[in-house]
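S.K.: I'd like to ask some things about the structure below.
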Amino acid sequence: MNKYKDIATPSRTQEILKKHGFSFKKSLGQNFLTEPNILQKIVATAEIDEQTNVIEVGPGIGALTEHLARAAHQVLAFEIDDRLIPVLADTLSPYDNVKVVHNDILKVNLQQETAYFDQEGPIKVVANLPYYITTPIMMHILASDLAIAEMVVMMQREVADRISAKPGTKAYGSLSIAVQYYMEASTAFIVPKTVFIPQPNVDSAILRLVRRETPAVAVKNEKEFFKLTKSAFVLRRKTLWNNLLNTYGKDEATRAWLETSLQQAEIDPKRRGETLSLEEFARLSNALEMNKEK
Ligand code: SAM
């Protein structure tokens with residue numbers, strides 16, 4: 001069907017690495033996928049078609065990029081490692097709908113860069129993320145003004161569990177809330193470590209995030225809401241009350257403000273942060289805002 005040999009087979013990957021004299025940098029989270037079936041499954045999970053514009057983080061030698069290029073309208077990929085730029089120019093030369101930008105994803109202005117897309121259509125982020133900065137990358141993308149419709153991203157299984165965790169579980173925390181506020185999160189499938197070169201120490205998971213039409217809960221002040229949810233988990237074993245005092249201050253006026261707001265939100269201060277749902281955090285955040293205004 002396709003006249004080009006897949007990049008992502010163990011033998012072709014080795015051939016490319018050898019041709020370009022490439023050696024892996026562990027510090028850049030370089031674990032390349034060598035299993036075309038997994039790549040097909042990622043593209044299928046992201047439901048990419050010829051209308052879709054795709055952003056990829058860390059194309060490596062282009063294993064996932066070429067599968068995306070075959071299915072999508074256009075692909076915009078950001079790679080930090082300068083040694084990979086000529087490799088990608090070589091491996092992706094058959095595809096004219098891919099642009100590789102040599103930059104750190106955390107430094108790019110996504111809004112500006114996406115001017116590359118010459119046709120309107122849903123923007124999806126699809127990537128095998130560098131594991132050392134999974135969370136900052138997720139936050140950078142979610143906090144950008146770009147309307148990302150969907151993200152299908154590979155990460156350490158443990159981080160995927162934390163992002164999709166429900167209240168009352170050990171994995172639930174401010175990361176789960178920060179992501180679930182904007183997106184519906186679910187684990188699509190697990191990827192064994194054996195399909196990478198070099199093999200990582202842990203298994204990976206494909207996380208699927210679908211943008212909610214409106215945020216999961218209505219909050220008056222998003223910045224304060226995220227400050228509150230972060231503060232509730234600073235010391236996980238402490239009560240909500242102790243964590244709130246640590247963040248907001250222990251003086252009389254602050255105590256009174258916190259007490260009144262907790263009462264109004266009907267939340268027991270002796271509970272631990274990990275037991276509060278998004279709705280409860282929103283209620284408390286809104287009460288704090290309201291009482292601040294008085
Ligand atoms: N997509 C390829 C694959 O699946 O085989 C490679 C994935 S590898 C896990 C992560 C890639 O992200 C590497 O190519 C690495 O150089 C790149 N990378 C690491 N930090 C980055 C950053 N801050 N910005 C952009 N790319 C980065």
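Order determines the names: the first chain of the structure tokens is A, the second B, and so forth; residues in each chain are numbered 1 upward, and ligands are numbered 1 upward as they are shown.
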List all protein, DNA and RNA residues that have any atom at most 7 Å from ligand 1, counting only C-alpha atoms and all ligand atoms, and write the list as a VMD selection string.

M.R.: chain A and resid 28 to 34 57 to 65 78 to 81 103 to 106 127 to 131

S.K.: Could you tell me, as a list of chain:residue names, which residues of region 32-77 of chain A DSSP assigns to strand (DSSP E) when given the backbone?

M.R.: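 Assigned to strand (DSSP E), within region 32-77 of chain A: A:Phe32, A:Leu33, A:Asn53, A:Val54, A:Ile55, A:Glu56, A:Val57, A:Gln74, A:Val75, A:Leu76, A:Ala77.
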
S.K.: Please build the interface table for region 199-270 of chain A against region 40-45 of chain A with a cut-off of 10 Å, listing for each qualifying residue the nearest atom pair and the distance in Å to one decimal; count only C-alpha atoms, order rows by chain and increasing number, and write it as JSON lines.

M.R.:
```
{"residue": "A:Ile206", "atom": "CA", "partner": "A:Ile42", "partner_atom": "CA", "distance": 7.7}
{"residue": "A:Leu207", "atom": "CA", "partner": "A:Thr45", "partner_atom": "CA", "distance": 9.7}
{"residue": "A:Arg208", "atom": "CA", "partner": "A:Thr45", "partner_atom": "CA", "distance": 7.8}
```

S.K.: Hey, which of A:Lys220, A:Lys292, A:Lys26, A:His140 ends up closest to Ser261 (chain A)? Count only C-alpha atoms.

M.R.: A:Lys292

S.K.: Write out as a list in words each polymer residue whose atoms come within 8 Å of Val210 (chain A), counting only C-alpha atoms; drop sequence neighbours fewer than 2 positions from it.

M.R.: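 Skipping anything fewer than 2 positions along the chain leaves Ala149, Glu150, Met151, Met183, Glu184, Ala185, Arg208 and Arg212 of chain A.
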
S.K.: Keeping only N, CA and C atoms, write the selected residues to a file as a PDB file, in the first residue's frame.

M.R.:
```pdb
ATOM      1  N   ALA A 149      -7.973  19.988  20.381  1.00  0.00           N
ATOM      2  CA  ALA A 149      -9.184  19.173  20.477  1.00  0.00           C
ATOM      3  C   ALA A 149      -8.925  17.905  21.266  1.00  0.00           C
ATOM      4  N   GLU A 150      -7.723  17.377  21.090  1.00  0.00           N
ATOM      5  CA  GLU A 150      -7.454  16.064  21.662  1.00  0.00           C
ATOM      6  C   GLU A 150      -5.957  15.843  21.804  1.00  0.00           C
ATOM      7  N   MET A 151      -5.567  15.086  22.803  1.00  0.00           N
ATOM      8  CA  MET A 151      -4.151  14.708  22.931  1.00  0.00           C
ATOM      9  C   MET A 151      -4.082  13.199  23.103  1.00  0.00           C
ATOM     10  N   MET A 183      -9.787  18.572  30.249  1.00  0.00           N
ATOM     11  CA  MET A 183      -9.891  17.434  29.344  1.00  0.00           C
ATOM     12  C   MET A 183     -10.477  16.207  30.050  1.00  0.00           C
ATOM     13  N   GLU A 184     -11.121  15.364  29.266  1.00  0.00           N
ATOM     14  CA  GLU A 184     -11.550  14.082  29.785  1.00  0.00           C
ATOM     15  C   GLU A 184     -10.421  13.094  29.578  1.00  0.00           C
ATOM     16  N   ALA A 185      -9.986  12.445  30.639  1.00  0.00           N
ATOM     17  CA  ALA A 185      -8.773  11.624  30.552  1.00  0.00           C
ATOM     18  C   ALA A 185      -9.072  10.135  30.685  1.00  0.00           C
ATOM     19  N   ARG A 208      -5.305   9.198  26.573  1.00  0.00           N
ATOM     20  CA  ARG A 208      -6.135   9.948  25.616  1.00  0.00           C
ATOM     21  C   ARG A 208      -6.880  11.045  26.369  1.00  0.00           C
ATOM     22  N   ARG A 212     -12.943  19.126  26.903  1.00  0.00           N
ATOM     23  CA  ARG A 212     -14.340  19.310  27.279  1.00  0.00           C
ATOM     24  C   ARG A 212     -14.849  20.590  26.612  1.00  0.00           C
TER      25      ARG A 212
END
```

S.K.: Any idea what the distance is between CA of Leu276 (chain A) and CA of Gly168 (chain A)?

M.R.: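 Going from CA of Leu276 (chain A) over to CA of Gly168 (chain A), I get 7.5 Å.
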
S.K.: Using only C-alpha atoms for the distances, tell me which of A:Gln74, A:Val217, A:Glu56, A:His102 is nearest to Ile137 (chain A).

M.R.: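 The shortest atom-to-atom distance to Ile137 (chain A) comes from A:Glu56.
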
S.K.: For Phe189 (chain A), which of A:Leu92, A:Ile16, A:Leu278, A:Ile38 is the closest residue, counting only C-alpha atoms?

M.R.: A:Ile38

S.K.: Give the helix (DSSP H, G or I) residues of region 128-194 of chain A, as DSSP finds them on the backbone, and put them as number ranges by chain.

M.R.: A: 131-143, 157-163, 174-182, 193-194

S.K.: Calculated over only C-alpha atoms, which of the candidates A:Ser285, A:Thr91, A:Thr194, A:Thr52 has the smallest distance to Glu66 (chain A)?

M.R.: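 Between A:Ser285, A:Thr91, A:Thr194, A:Thr52, the residue approaching Glu66 (chain A) most closely is A:Thr91.
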
S.K.: Find the residues near Ala69 (chain A): any atom within 9 Å, counting only C-alpha atoms, skip ones fewer than 6 places away on the same chain, and give them as a PyMOL selection string.

M.R.: chain A and resi 54+75+95-98

S.K.: Neighbours of Ile163 (chain A) within 9 Å (only C-alpha atoms; same-chain residues fewer than 6 positions away dropped), as a list in words?

M.R.: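 Once the adjacent positions are removed, what remains is Ala171, Tyr172, Gly173, Ser174, Leu175, Ser176, Ile177, Ala178, Val179, Gln180, Ala185, Ser186 and Leu207 of chain A.
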
S.K.: Let me make sure I understand: among A:Pro215, A:Pro200, A:Pro86, A:Pro36, which one has the smallest atom-to-atom distance to Thr13 (chain A) if we use only C-alpha atoms?

M.R.: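 For Thr13 (chain A), the nearest of the given residues is A:Pro36.
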
S.K.: Would you pick out the contacts of region 107-112 of chain A at 7 Å or less, using only C-alpha atoms, so that residues sharing its chain but fewer than 2 positions from it are not included, and give the list as a VMD selection string?

M.R.: chain A and resid 104 to 105 114 to 115 144 to 146

S.K.: How would the residues just picked look written out with N, CA and C atoms as a PDB file, in the first residue's frame?

M.R.:
```
ATOM      1  N   ASP A 104      13.042  23.748  21.671  1.00  0.00           N
ATOM      2  CA  ASP A 104      12.529  23.148  22.897  1.00  0.00           C
ATOM      3  C   ASP A 104      11.031  23.441  22.950  1.00  0.00           C
ATOM      4  N   ILE A 105      10.223  22.414  23.058  1.00  0.00           N
ATOM      5  CA  ILE A 105       8.756  22.607  23.056  1.00  0.00           C
ATOM      6  C   ILE A 105       8.322  23.588  24.150  1.00  0.00           C
ATOM      7  N   THR A 114       1.610  27.512  14.951  1.00  0.00           N
ATOM      8  CA  THR A 114       0.562  26.796  14.220  1.00  0.00           C
ATOM      9  C   THR A 114       0.054  27.578  13.003  1.00  0.00           C
ATOM     10  N   ALA A 115       0.622  28.760  12.770  1.00  0.00           N
ATOM     11  CA  ALA A 115       0.317  29.480  11.524  1.00  0.00           C
ATOM     12  C   ALA A 115       0.739  28.621  10.324  1.00  0.00           C
ATOM     13  N   SER A 144      -1.503  26.886  26.956  1.00  0.00           N
ATOM     14  CA  SER A 144      -1.413  27.742  25.775  1.00  0.00           C
ATOM     15  C   SER A 144      -2.844  28.088  25.343  1.00  0.00           C
ATOM     16  N   ASP A 145      -2.971  29.169  24.593  1.00  0.00           N
ATOM     17  CA  ASP A 145      -4.317  29.593  24.187  1.00  0.00           C
ATOM     18  C   ASP A 145      -4.860  28.764  23.037  1.00  0.00           C
ATOM     19  N   LEU A 146      -4.067  27.819  22.617  1.00  0.00           N
ATOM     20  CA  LEU A 146      -4.448  27.029  21.455  1.00  0.00           C
ATOM     21  C   LEU A 146      -5.601  26.072  21.797  1.00  0.00           C
TER      22      LEU A 146
END
```

S.K.: When you draw a straight line from CA of Lys5 (chain A) to CA of His20 (chain A), how long is it in Å?

M.R.: 17.5 Å

S.K.: In Å, rounded to a single decimal, give me how far CA of Leu228 (chain A) is from CA of Tyr248 (chain A).

M.R.: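 Pair CA of Tyr248 (chain A) / CA of Leu228 (chain A) returns 9.3 Å.
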